[in-house]
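Engineer: Structure file data36.cif (mmCIF, C-alpha atoms and all ligand atoms) is given on the next line.
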```
data_structure
#
loop_
_atom_site.group_PDB
_atom_site.id
_atom_site.type_symbol
_atom_site.label_atom_id
_atom_site.label_comp_id
_atom_site.auth_asym_id
_atom_site.auth_seq_id
_atom_site.Cartn_x
_atom_site.Cartn_y
_atom_site.Cartn_z
ATOM 1 C CA MET P 268 2.195 -30.089 -11.571
ATOM 2 C CA ALA P 269 1.950 -28.253 -14.878
ATOM 3 C CA SER P 270 -1.437 -29.853 -15.426
ATOM 4 C CA ALA P 271 -2.927 -28.433 -12.232
ATOM 5 C CA PRO P 272 -6.322 -26.803 -12.687
ATOM 6 C CA SER P 273 -6.105 -23.141 -13.594
ATOM 7 C CA SER P 274 -8.240 -22.270 -10.594
ATOM 8 C CA ASP P 275 -5.437 -23.495 -8.342
ATOM 9 C CA ASP P 276 -2.949 -21.279 -10.165
ATOM 10 C CA MET P 277 -5.195 -18.300 -9.688
ATOM 11 C CA PHE P 278 -5.572 -19.122 -6.024
ATOM 12 C CA ASP P 279 -1.798 -19.321 -5.610
ATOM 13 C CA GLN P 280 -1.393 -15.964 -7.305
ATOM 14 C CA PHE P 281 -4.049 -14.525 -5.032
ATOM 15 C CA LEU P 282 -2.229 -15.781 -1.958
ATOM 16 C CA SER P 283 1.113 -14.496 -3.208
ATOM 17 C CA GLN P 284 -0.325 -11.054 -3.833
ATOM 18 C CA ARG P 285 -1.769 -11.075 -0.329
ATOM 19 C CA GLY P 286 1.697 -11.758 1.060
ATOM 20 C CA HIS P 287 1.093 -15.410 1.857
ATOM 21 C CA ASP P 288 3.924 -16.693 -0.232
ATOM 22 C CA VAL P 289 3.389 -20.306 -1.131
ATOM 23 C CA GLU P 290 6.639 -20.617 -3.052
ATOM 24 C CA THR P 291 10.283 -20.376 -2.067
ATOM 25 C CA ALA P 292 11.073 -16.885 -0.848
ATOM 26 C CA ALA P 293 14.847 -17.096 -0.874
ATOM 27 C CA TRP P 294 17.673 -18.041 -3.177
ATOM 28 C CA GLU P 295 18.719 -21.620 -3.395
ATOM 29 C CA GLU P 296 22.438 -22.247 -3.134
ATOM 30 C CA ASN P 297 24.306 -24.341 -5.622
ATOM 31 C CA TYR P 298 28.089 -24.545 -5.991
ATOM 32 C CA ASN P 299 28.514 -21.328 -3.966
ATOM 33 C CA LYS P 300 26.244 -19.475 -6.323
ATOM 34 C CA LYS P 301 22.715 -18.229 -5.964
ATOM 35 C CA GLN P 302 20.223 -20.367 -7.783
ATOM 36 C CA CYS P 303 16.798 -19.121 -8.757
ATOM 37 C CA PRO P 304 14.211 -21.456 -7.189
ATOM 38 C CA ASP P 305 11.831 -20.615 -9.977
ATOM 39 C CA CYS P 306 13.826 -21.346 -13.130
ATOM 40 C CA GLY P 307 17.046 -22.780 -11.695
ATOM 41 C CA GLY P 308 19.268 -20.084 -13.164
ATOM 42 C CA LEU P 309 22.620 -19.572 -11.450
ATOM 43 C CA HIS P 310 23.776 -16.101 -10.464
ATOM 44 C CA ASP P 311 26.681 -14.446 -8.705
ATOM 45 C CA ASP P 312 26.399 -13.751 -5.005
ATOM 46 C CA ALA P 313 25.733 -10.078 -5.739
ATOM 47 C CA ALA P 314 22.593 -10.832 -7.714
ATOM 48 C CA THR P 315 19.398 -9.315 -6.355
ATOM 49 C CA GLU P 316 17.062 -10.720 -8.967
ATOM 50 C CA CYS P 317 17.001 -13.474 -11.528
ATOM 51 C CA SER P 318 18.039 -12.101 -14.891
ATOM 52 C CA VAL P 319 16.477 -15.131 -16.564
ATOM 53 C CA CYS P 320 12.885 -15.023 -15.336
ATOM 54 C CA GLY P 321 12.797 -11.864 -13.198
ATOM 55 C CA TRP P 322 12.232 -13.674 -9.891
ATOM 56 C CA THR P 323 13.209 -11.761 -6.776
ATOM 57 C CA PRO P 324 13.534 -13.047 -3.195
ATOM 58 C CA VAL P 325 10.768 -12.066 -0.798
ATOM 59 C CA ASN P 326 12.105 -10.189 2.189
HETATM 60 ZN ZN ZN P 401 14.760 -17.409 -12.520
#
```
The structure in this file should be written as structure tokens.

Structural biologist:
Amino acid sequence: MASAPSSDDMFDQFLSQRGHDVETAAWEENYNKKQCPDCGGLHDDAATECSVCGWTPVN
């Protein structure tokens, strides 16, 4: 979906900022580790944010 029109990206950002999260709002789990749903980075269970891309779960 990287080729999606930029207007769609802006609309998604607008929705996210309004609190209507259109993307995954929680960690994925992979091999008993937390996996960032945004970049796929693996983190220890104590992680509160992705140190790779800066993603944080929406609570
Ligand atoms: Zn990440």

Engineer: Would you mind listing the residues within 7 Å of ligand ZN 401 (chain P), counting all atoms listed in the file, as a ChimeraX atom specification?

Structural biologist: /P:303-308,317-322

Engineer: List as JSON, numbers by chain the protein and nucleic acid residues near P:Lys301, meaning an atom at most 7 Å away when only C-alpha atoms are counted, but skip any in the same chain fewer than 3 places from it.

Structural biologist: {"P": [294, 295, 296, 297, 309, 310, 311, 312]}

Engineer: Counting only C-alpha atoms, I want the residues whose atoms come within 6 Å of (18.3, -13.1, -6.7) in the file frame, returned as a list in words.

Structural biologist: Ala314, Thr315, Glu316, Cys317, Thr323 and Pro324 of chain P

Engineer: Output stretch 306-317 of chain P as an mmCIF file, keeping the file's coordinate frame, making sure all heavy atoms are there.

Structural biologist:
```cif
data_model
loop_
_atom_site.group_PDB
_atom_site.id
_atom_site.type_symbol
_atom_site.label_atom_id
_atom_site.label_comp_id
_atom_site.auth_asym_id
_atom_site.auth_seq_id
_atom_site.Cartn_x
_atom_site.Cartn_y
_atom_site.Cartn_z
ATOM 1 N N CYS P 306 13.401 -20.829 -11.832
ATOM 2 C CA CYS P 306 13.826 -21.346 -13.130
ATOM 3 C C CYS P 306 15.139 -22.109 -13.047
ATOM 4 O O CYS P 306 15.532 -22.753 -14.005
ATOM 5 C CB CYS P 306 13.947 -20.205 -14.137
ATOM 6 S SG CYS P 306 15.372 -19.142 -13.868
ATOM 7 N N GLY P 307 15.810 -22.026 -11.864
ATOM 8 C CA GLY P 307 17.046 -22.780 -11.695
ATOM 9 C C GLY P 307 18.279 -22.077 -12.220
ATOM 10 O O GLY P 307 19.351 -22.653 -12.231
ATOM 11 N N GLY P 308 18.125 -20.826 -12.647
ATOM 12 C CA GLY P 308 19.268 -20.084 -13.164
ATOM 13 C C GLY P 308 20.280 -19.779 -12.082
ATOM 14 O O GLY P 308 19.907 -19.481 -10.947
ATOM 15 N N LEU P 309 21.555 -19.853 -12.404
ATOM 16 C CA LEU P 309 22.620 -19.572 -11.450
ATOM 17 C C LEU P 309 23.094 -18.137 -11.596
ATOM 18 O O LEU P 309 23.218 -17.623 -12.712
ATOM 19 C CB LEU P 309 23.801 -20.530 -11.677
ATOM 20 C CG LEU P 309 23.550 -21.976 -11.264
ATOM 21 C CD1 LEU P 309 24.705 -22.852 -11.732
ATOM 22 C CD2 LEU P 309 23.365 -22.082 -9.763
ATOM 23 N N HIS P 310 23.368 -17.499 -10.452
ATOM 24 C CA HIS P 310 23.776 -16.101 -10.464
ATOM 25 C C HIS P 310 24.879 -15.881 -9.451
ATOM 26 O O HIS P 310 24.997 -16.614 -8.480
ATOM 27 C CB HIS P 310 22.583 -15.205 -10.131
ATOM 28 C CG HIS P 310 21.435 -15.381 -11.078
ATOM 29 N ND1 HIS P 310 21.404 -14.834 -12.337
ATOM 30 C CD2 HIS P 310 20.297 -16.087 -10.953
ATOM 31 C CE1 HIS P 310 20.286 -15.182 -12.941
ATOM 32 N NE2 HIS P 310 19.591 -15.947 -12.126
ATOM 33 N N ASP P 311 25.650 -14.814 -9.665
ATOM 34 C CA ASP P 311 26.681 -14.446 -8.705
ATOM 35 C C ASP P 311 26.043 -14.050 -7.382
ATOM 36 O O ASP P 311 24.863 -13.735 -7.317
ATOM 37 C CB ASP P 311 27.512 -13.279 -9.243
ATOM 38 C CG ASP P 311 28.366 -13.708 -10.431
ATOM 39 O OD1 ASP P 311 28.692 -14.910 -10.516
ATOM 40 O OD2 ASP P 311 28.672 -12.848 -11.258
ATOM 41 N N ASP P 312 26.891 -14.034 -6.356
ATOM 42 C CA ASP P 312 26.399 -13.751 -5.005
ATOM 43 C C ASP P 312 25.815 -12.348 -4.900
ATOM 44 O O ASP P 312 25.009 -12.073 -4.020
ATOM 45 C CB ASP P 312 27.550 -13.916 -4.017
ATOM 46 C CG ASP P 312 27.030 -14.157 -2.610
ATOM 47 O OD1 ASP P 312 26.101 -14.978 -2.460
ATOM 48 O OD2 ASP P 312 27.544 -13.538 -1.676
ATOM 49 N N ALA P 313 26.202 -11.465 -5.797
ATOM 50 C CA ALA P 313 25.733 -10.078 -5.739
ATOM 51 C C ALA P 313 24.361 -9.911 -6.386
ATOM 52 O O ALA P 313 23.768 -8.845 -6.310
ATOM 53 C CB ALA P 313 26.742 -9.160 -6.429
ATOM 54 N N ALA P 314 23.863 -10.945 -7.003
ATOM 55 C CA ALA P 314 22.593 -10.832 -7.714
ATOM 56 C C ALA P 314 21.443 -10.535 -6.753
ATOM 57 O O ALA P 314 21.388 -11.071 -5.654
ATOM 58 C CB ALA P 314 22.314 -12.126 -8.466
ATOM 59 N N THR P 315 20.571 -9.641 -7.168
ATOM 60 C CA THR P 315 19.398 -9.315 -6.355
ATOM 61 C C THR P 315 18.121 -9.780 -7.018
ATOM 62 O O THR P 315 17.061 -9.779 -6.407
ATOM 63 C CB THR P 315 19.310 -7.807 -6.100
ATOM 64 O OG1 THR P 315 19.308 -7.122 -7.349
ATOM 65 C CG2 THR P 315 20.501 -7.343 -5.273
ATOM 66 N N GLU P 316 18.216 -10.170 -8.280
ATOM 67 C CA GLU P 316 17.062 -10.720 -8.967
ATOM 68 C C GLU P 316 17.541 -11.660 -10.055
ATOM 69 O O GLU P 316 18.693 -11.595 -10.486
ATOM 70 C CB GLU P 316 16.194 -9.617 -9.563
ATOM 71 C CG GLU P 316 16.855 -8.882 -10.715
ATOM 72 C CD GLU P 316 15.899 -7.874 -11.330
ATOM 73 O OE1 GLU P 316 15.109 -7.266 -10.598
ATOM 74 O OE2 GLU P 316 15.951 -7.710 -12.551
ATOM 75 N N CYS P 317 16.658 -12.532 -10.470
ATOM 76 C CA CYS P 317 17.001 -13.474 -11.528
ATOM 77 C C CYS P 317 16.922 -12.761 -12.868
ATOM 78 O O CYS P 317 15.878 -12.224 -13.230
ATOM 79 C CB CYS P 317 16.044 -14.659 -11.491
ATOM 80 S SG CYS P 317 16.367 -15.853 -12.806
#
```
